[in-house]
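First comes the structure, then the notes that go with it.
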Amino acid sequence: MDKSVWSEVTRIEKESLQNDIECDVLVIGGGMAGVLTAYYLQQAGRQVVLVTGDKLGNGITKNTTAVITAQHDTMFKDLIKANGKCLARDYLNANLQAVQSFKELVSEQQIDCDFEITPSFLYSREKILDDEIQALKELGYNAELVTDIDLPFEIRSAVKFNDMAQFHPLKFLYGLANKMNGVTIYENTFITNIDGHTAFSENGKITFKQAVVASHFPFINSHGLFFVKMHQKRSYVMAIESEEDINGSYIDDIEEGFYFRKYGNLLLIGKGEHRTGTKTEALEQLKIFKEKFYPQAEVKYLWGNQDCVTLDDMPYIGEYGNIPDVFVATGFNLWGMTGSMVSAKVLADIMCDKENEFAHSFSTKRCIFKPQLFANLGMVLVNMLYPTTKRCPHLGCALKYNKREHSWDCSCHGSRFDSDGKLIDNPAMKNKKL
């Protein structure tokens, strides 16, 4: 797999931790969620240290499609049915506020990140989505039903959200990091454990009053039960040269459909959403789609990404189990941009003893008895019993070879390793001898 379209950007460089330190707030994770959380805590007057195991933005953030919208792949009619109208309304309003917060932050801090205000569309090739329009009206949002969009195939209908956005995620991340003069950042500082109010790395320990774990998949198994409350899915993106304007971002109403956005003269076409460690034909289907609709276009980039998926399609934001003064942000499903902003705002309020209207809805301690829980437990059982000597160091599930990406993947919790056993994606905390 190639690097993403966002990777060719001037990065900022920070030193790694080399001694023991103390701080008010420790943020673990240098992706969008971690940096935004550090920013809003600093704005609230807190003294913040942010550490990341690699370079800033070098994890999941660099592989996002960077669409900023409150319109997600789980339709709100389904969210109402599964979680109730109150939770669905909070989810919608929190994400709408997140879109607005990005607009304000880019403007106030004058961050040059190719930010654009665009509509977003949820399209269907087979259905009239009037039930989704009605569900949104019940939640207080007036979306538009359209039948004509700028994609090269016919649809039955699409639900349109106006005034959403998109940007270059790493330009934004580095631009914001450069504005955070009150935040100390350490790169290449891999936190291996938290004991009490101390976090441990190879080259030093950090004593804190409060901490946030924003490391994509939480790494402490003994608290929070995140290893049963989430699984990970992979998806793939192809960027081709195209001068055609598609006027917004697009997602399919079917789970494994295509999604689209433009960036400059590139059309980004996404496909996938399959459980990590399981078989997929997504890459082949991307190539077939490209040859059918854009046969003359040159493929400039091709990459994969990975997302944490929760039991009820809503993020977990709040207390990290029963660990005193440690908080967590995870489970953004396929919507890490608005999810990161929502979590940053919620956590900043919680940690500064301010009331937040959405904190209860995103609580890490909400009910886990959902159908996906039993699917997750079944997958763990199957892979624990799978006959192989190659096992994930996270919790011992079977590793399976991914010939398309030349990696060893765990379908229980989504850890991935390259062909030499180097850790690519957590929750595993160390390399694997293969």
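Convention: chains lettered A, B, ... in structure tokens order; per-chain residue numbering from 1; ligands numbered from 1 as shown.
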**Report entry** Residues within 9 Å of stretch 67-73 of chain A, only C-alpha atoms, excluding chain neighbours under 6 positions, as an MDAnalysis selection string
**Finding:** chainID A and resid 91:99 102 119:122 160:161 163:167 249 251:255 261 334:338
Requested in this report: Just the residues within 12 Å of A:Asp409, please, counting only C-alpha atoms, with nothing from its chain fewer than 6 positions along; format it as an MDAnalysis selection string.
Outcome: chainID A and resid 232:234 275:279 306 383 390:394 397:403 415:419 421:428 432
Report task. List the neighbours of stretch 186-188 of chain A out to 7 Å using only C-alpha atoms; skip same-chain residues closer than 2 positions along the sequence, and give me the result as a list in words. Result ->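 That gives Lys14, Glu15, Ser16, Leu17, Leu50, Val51, Thr52, Gly53, Asp54, Lys55, Leu56, Thr184 and Phe190 of chain A.
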Mind writing the picked residues with N, CA, C and O atoms as a short mmCIF file (atom, residue, chain, number, x, y, z; two decimals), in the first residue's frame?
data_model
loop_
_atom_site.label_atom_id
_atom_site.label_comp_id
_atom_site.auth_asym_id
_atom_site.auth_seq_id
_atom_site.Cartn_x
_atom_site.Cartn_y
_atom_site.Cartn_z
N LYS A 14 9.69 17.32 16.96
CA LYS A 14 9.80 17.50 18.39
C LYS A 14 10.71 16.43 18.97
O LYS A 14 10.79 15.30 18.46
N GLU A 15 11.39 16.74 20.05
CA GLU A 15 12.28 15.79 20.71
C GLU A 15 11.48 14.74 21.46
O GLU A 15 10.31 14.93 21.77
N SER A 16 12.15 13.64 21.77
CA SER A 16 11.53 12.61 22.61
C SER A 16 11.84 12.89 24.08
O SER A 16 12.79 13.61 24.41
N LEU A 17 11.03 12.32 24.95
CA LEU A 17 11.26 12.46 26.39
C LEU A 17 12.56 11.78 26.78
O LEU A 17 12.82 10.64 26.37
N LEU A 50 1.91 16.73 25.96
CA LEU A 50 1.39 15.76 24.99
C LEU A 50 2.53 14.86 24.53
O LEU A 50 3.59 15.36 24.14
N VAL A 51 2.30 13.55 24.58
CA VAL A 51 3.31 12.60 24.09
C VAL A 51 2.68 11.72 23.03
O VAL A 51 1.49 11.39 23.09
N THR A 52 3.49 11.33 22.06
CA THR A 52 3.03 10.42 21.01
C THR A 52 4.12 9.40 20.72
O THR A 52 5.32 9.73 20.76
N GLY A 53 3.72 8.18 20.45
CA GLY A 53 4.68 7.11 20.25
C GLY A 53 5.46 7.21 18.96
O GLY A 53 6.51 6.58 18.81
N ASP A 54 4.96 7.99 18.01
CA ASP A 54 5.63 8.19 16.71
C ASP A 54 5.75 9.68 16.48
O ASP A 54 6.02 10.44 17.41
N LYS A 55 5.54 10.13 15.26
CA LYS A 55 5.48 11.55 14.95
C LYS A 55 4.05 12.04 15.07
O LYS A 55 3.10 11.25 14.95
N LEU A 56 3.85 13.31 15.28
CA LEU A 56 2.52 13.88 15.31
C LEU A 56 1.77 13.54 14.03
O LEU A 56 2.29 13.72 12.92
N THR A 184 3.69 21.37 25.92
CA THR A 184 4.98 20.72 25.63
C THR A 184 4.70 19.41 24.92
O THR A 184 3.93 18.58 25.40
N PHE A 190 6.82 6.46 23.60
CA PHE A 190 5.80 5.41 23.64
C PHE A 190 5.47 5.08 25.08
O PHE A 190 6.31 4.58 25.82
#
Query - Who sits within 8 Å of stretch 346-350 of chain A, only C-alpha atoms, same chain under 6 positions skipped, as a VMD selection string - result: chain A and resid 37 40 to 41 44 317 to 318 327 356 358 to 359
Would you save the residues of that selection, restricted to N, CA, C and O atoms, as a PDB file, in the first residue's frame?
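That gives us part.pdb:
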ATOM      1  N   THR A  37      -7.607  17.955  22.045  1.00  0.00           N
ATOM      2  CA  THR A  37      -7.823  17.923  23.487  1.00  0.00           C
ATOM      3  C   THR A  37      -6.784  18.765  24.208  1.00  0.00           C
ATOM      4  O   THR A  37      -7.111  19.548  25.119  1.00  0.00           O
ATOM      5  N   TYR A  40      -7.656  22.576  23.719  1.00  0.00           N
ATOM      6  CA  TYR A  40      -8.755  23.131  24.514  1.00  0.00           C
ATOM      7  C   TYR A  40      -8.459  23.119  26.012  1.00  0.00           C
ATOM      8  O   TYR A  40      -8.922  24.002  26.747  1.00  0.00           O
ATOM      9  N   LEU A  41      -7.673  22.169  26.475  1.00  0.00           N
ATOM     10  CA  LEU A  41      -7.254  22.193  27.879  1.00  0.00           C
ATOM     11  C   LEU A  41      -6.304  23.357  28.140  1.00  0.00           C
ATOM     12  O   LEU A  41      -6.381  24.022  29.174  1.00  0.00           O
ATOM     13  N   ALA A  44      -8.158  26.461  28.443  1.00  0.00           N
ATOM     14  CA  ALA A  44      -8.833  26.554  29.740  1.00  0.00           C
ATOM     15  C   ALA A  44      -7.861  26.875  30.875  1.00  0.00           C
ATOM     16  O   ALA A  44      -8.255  26.910  32.043  1.00  0.00           O
ATOM     17  N   ILE A 317     -16.370   8.506  25.382  1.00  0.00           N
ATOM     18  CA  ILE A 317     -15.655   9.704  25.827  1.00  0.00           C
ATOM     19  C   ILE A 317     -15.918   9.873  27.314  1.00  0.00           C
ATOM     20  O   ILE A 317     -17.071  10.021  27.733  1.00  0.00           O
ATOM     21  N   GLY A 318     -14.856   9.826  28.110  1.00  0.00           N
ATOM     22  CA  GLY A 318     -15.064  10.008  29.543  1.00  0.00           C
ATOM     23  C   GLY A 318     -14.059   9.249  30.375  1.00  0.00           C
ATOM     24  O   GLY A 318     -12.884   9.129  29.998  1.00  0.00           O
ATOM     25  N   PHE A 327      -8.762   9.727  31.686  1.00  0.00           N
ATOM     26  CA  PHE A 327      -9.904   9.801  30.790  1.00  0.00           C
ATOM     27  C   PHE A 327      -9.521   9.255  29.422  1.00  0.00           C
ATOM     28  O   PHE A 327      -8.334   9.073  29.118  1.00  0.00           O
ATOM     29  N   ASN A 356     -21.128  19.584  30.705  1.00  0.00           N
ATOM     30  CA  ASN A 356     -21.178  19.434  29.252  1.00  0.00           C
ATOM     31  C   ASN A 356     -22.456  18.694  28.888  1.00  0.00           C
ATOM     32  O   ASN A 356     -22.737  17.614  29.432  1.00  0.00           O
ATOM     33  N   PHE A 358     -23.333  16.944  26.476  1.00  0.00           N
ATOM     34  CA  PHE A 358     -23.243  15.667  25.772  1.00  0.00           C
ATOM     35  C   PHE A 358     -22.490  14.594  26.552  1.00  0.00           C
ATOM     36  O   PHE A 358     -22.381  13.455  26.090  1.00  0.00           O
ATOM     37  N   ALA A 359     -21.939  14.934  27.685  1.00  0.00           N
ATOM     38  CA  ALA A 359     -21.073  14.001  28.415  1.00  0.00           C
ATOM     39  C   ALA A 359     -21.787  12.695  28.749  1.00  0.00           C
ATOM     40  O   ALA A 359     -21.213  11.609  28.608  1.00  0.00           O
TER      41      ALA A 359
END
Report task. Determine, counting only C-alpha atoms, which protein, DNA and RNA residues have an atom within 10 Å of an atom of A:Val326; residues of the same chain fewer than 3 positions away are not included. Present the result as a list in words. Result ->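 Those residues are Val25, Leu26, Val27, Ile194, Gly196, His197, Phe208, Lys209, Gln210, Ala211, Val212, Val213, Gly318, Glu319, Tyr320, Gly321, Asn322, Ile323 and Met351 of chain A.
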Query - Residue contacts of A:Met32 (8 Å, only C-alpha atoms) excluding same-chain residues fewer than 4 positions away, as a PyMOL selection string - result: chain A and resi 36+57+61+173+336-337+340
Save out the residues we just selected, all heavy atoms, as a CSV table (one decimal), in the first residue's frame.
chain,number,residue,atom,x,y,z
A,36,LEU,N,-6.3,18.2,19.6
A,36,LEU,CA,-7.4,19.1,19.9
A,36,LEU,C,-7.7,19.1,21.4
A,36,LEU,O,-8.0,20.2,21.9
A,36,LEU,CB,-8.7,18.6,19.1
A,36,LEU,CG,-8.7,18.9,17.6
A,36,LEU,CD1,-9.9,18.2,17.0
A,36,LEU,CD2,-8.8,20.4,17.4
A,57,GLY,N,0.6,13.0,14.2
A,57,GLY,CA,-0.3,12.8,13.0
A,57,GLY,C,0.1,11.6,12.2
A,57,GLY,O,-0.4,11.3,11.1
A,61,THR,N,-4.6,9.5,11.8
A,61,THR,CA,-4.9,10.8,11.2
A,61,THR,C,-4.4,11.0,9.8
A,61,THR,O,-5.0,11.6,9.0
A,61,THR,CB,-4.4,11.9,12.1
A,61,THR,OG1,-5.1,11.8,13.4
A,61,THR,CG2,-4.7,13.3,11.6
A,173,LEU,N,-3.3,19.9,11.6
A,173,LEU,CA,-2.8,19.4,12.8
A,173,LEU,C,-1.5,20.2,13.2
A,173,LEU,O,-1.3,20.6,14.3
A,173,LEU,CB,-2.5,17.9,12.7
A,173,LEU,CG,-2.2,17.2,14.0
A,173,LEU,CD1,-3.4,16.9,14.8
A,173,LEU,CD2,-1.5,15.9,13.7
A,336,GLY,N,-13.5,10.2,12.4
A,336,GLY,CA,-12.6,10.6,13.4
A,336,GLY,C,-12.4,12.1,13.4
A,336,GLY,O,-12.0,12.7,14.5
A,337,MET,N,-12.8,12.9,12.4
A,337,MET,CA,-12.6,14.3,12.5
A,337,MET,C,-13.6,15.0,13.4
A,337,MET,O,-13.2,15.6,14.4
A,337,MET,CB,-12.7,15.0,11.1
A,337,MET,CG,-11.7,14.5,10.1
A,337,MET,SD,-10.0,14.8,10.6
A,337,MET,CE,-9.5,13.2,11.3
A,340,SER,N,-13.2,13.5,17.0
A,340,SER,CA,-12.0,14.1,17.7
A,340,SER,C,-12.4,15.4,18.3
A,340,SER,O,-12.1,15.7,19.5
A,340,SER,CB,-10.8,14.3,16.8
A,340,SER,OG,-10.3,13.0,16.4
Report task. Please give the complete set of residues from stretch 190-426 of chain A that DSSP, run on the backbone, assigns to helix (DSSP H, G or I), formatted as an NGL selection string. Result -> :A and (226-229 or 282-293 or 336-351 or 371-385)
Query raised in the report: What is the atom CA of A:Asn178-atom CA of A:Lys62 distance in Å, reported with one decimal?
Result: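 A separation of 17.5 Å between them.
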Report task. Can you pull out every residue within 12 Å of A:Gly257, counting only C-alpha atoms, but drop anything in the same chain fewer than 2 positions away, and send it as a list in words? Result -> Asp73, Leu122, Tyr123, Ser124, Arg125, Ser235, Tyr236, Tyr250, Ile251, Asp252, Asp253, Ile254, Glu255, Tyr259, Phe260, Ile269, Gly270, Lys271, Gly272, Glu273, His274, Ala282, Gln285, Leu286 and Phe289 of chain A
Atoms to include: C-alpha atoms. Write the selected residues as a PDB file, in the first residue's frame.
ATOM      1  CA  ASP A  73     -22.603   6.294   7.443  1.00  0.00           C
ATOM      2  CA  LEU A 122     -25.743  10.309   1.785  1.00  0.00           C
ATOM      3  CA  TYR A 123     -26.829   8.684  -1.479  1.00  0.00           C
ATOM      4  CA  SER A 124     -28.790   5.572  -2.394  1.00  0.00           C
ATOM      5  CA  ARG A 125     -28.871   3.841  -5.755  1.00  0.00           C
ATOM      6  CA  SER A 235     -11.150   0.698   4.450  1.00  0.00           C
ATOM      7  CA  TYR A 236      -9.186   1.793   1.381  1.00  0.00           C
ATOM      8  CA  TYR A 250     -20.496  11.536  -0.640  1.00  0.00           C
ATOM      9  CA  ILE A 251     -21.204   8.328   1.268  1.00  0.00           C
ATOM     10  CA  ASP A 252     -23.266   5.316   0.182  1.00  0.00           C
ATOM     11  CA  ASP A 253     -26.235   4.170   2.250  1.00  0.00           C
ATOM     12  CA  ILE A 254     -25.018   0.559   2.121  1.00  0.00           C
ATOM     13  CA  GLU A 255     -22.345  -0.560   4.572  1.00  0.00           C
ATOM     14  CA  TYR A 259     -17.440   7.231  -0.730  1.00  0.00           C
ATOM     15  CA  PHE A 260     -15.966  10.277  -2.460  1.00  0.00           C
ATOM     16  CA  ILE A 269     -12.607   7.211  -3.933  1.00  0.00           C
ATOM     17  CA  GLY A 270     -13.037   5.087  -0.810  1.00  0.00           C
ATOM     18  CA  LYS A 271     -14.226   1.522  -0.353  1.00  0.00           C
ATOM     19  CA  GLY A 272     -14.130  -1.206   2.238  1.00  0.00           C
ATOM     20  CA  GLU A 273     -15.253  -1.161   5.831  1.00  0.00           C
ATOM     21  CA  HIS A 274     -14.458  -4.795   6.588  1.00  0.00           C
ATOM     22  CA  ALA A 282     -12.378  -3.902  -1.673  1.00  0.00           C
ATOM     23  CA  GLN A 285     -13.562  -3.384  -6.495  1.00  0.00           C
ATOM     24  CA  LEU A 286     -11.866   0.013  -6.306  1.00  0.00           C
ATOM     25  CA  PHE A 289     -14.808   1.091 -10.415  1.00  0.00           C
TER      26      PHE A 289
END
Report task. Just list the residues in stretch 288-411 of chain A DSSP gives strand (DSSP E) on the backbone, as a ChimeraX atom specification. Result -> /A:299-310,316-319,326-330,399-402,407-410
**Report entry** Between atom CA of A:Asn142 and atom CA of A:Cys308, distance in Å (one decimal)
**Finding:**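 That distance, rounded to one decimal, is 29.4 Å.
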Query raised in the report: Using only C-alpha atoms, which residue out of A:Asn203, A:Gln296, A:Ser222, A:Ser407 lies closest to A:Glu241?
Result: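 Once distances to A:Glu241 are computed over only C-alpha atoms, the minimum belongs to A:Gln296.
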Report task. Would you work out the distance separating atom CA of A:Ala143 from atom CA of A:Asn305, expressed in Å to one decimal? Result -> 29.1 Å
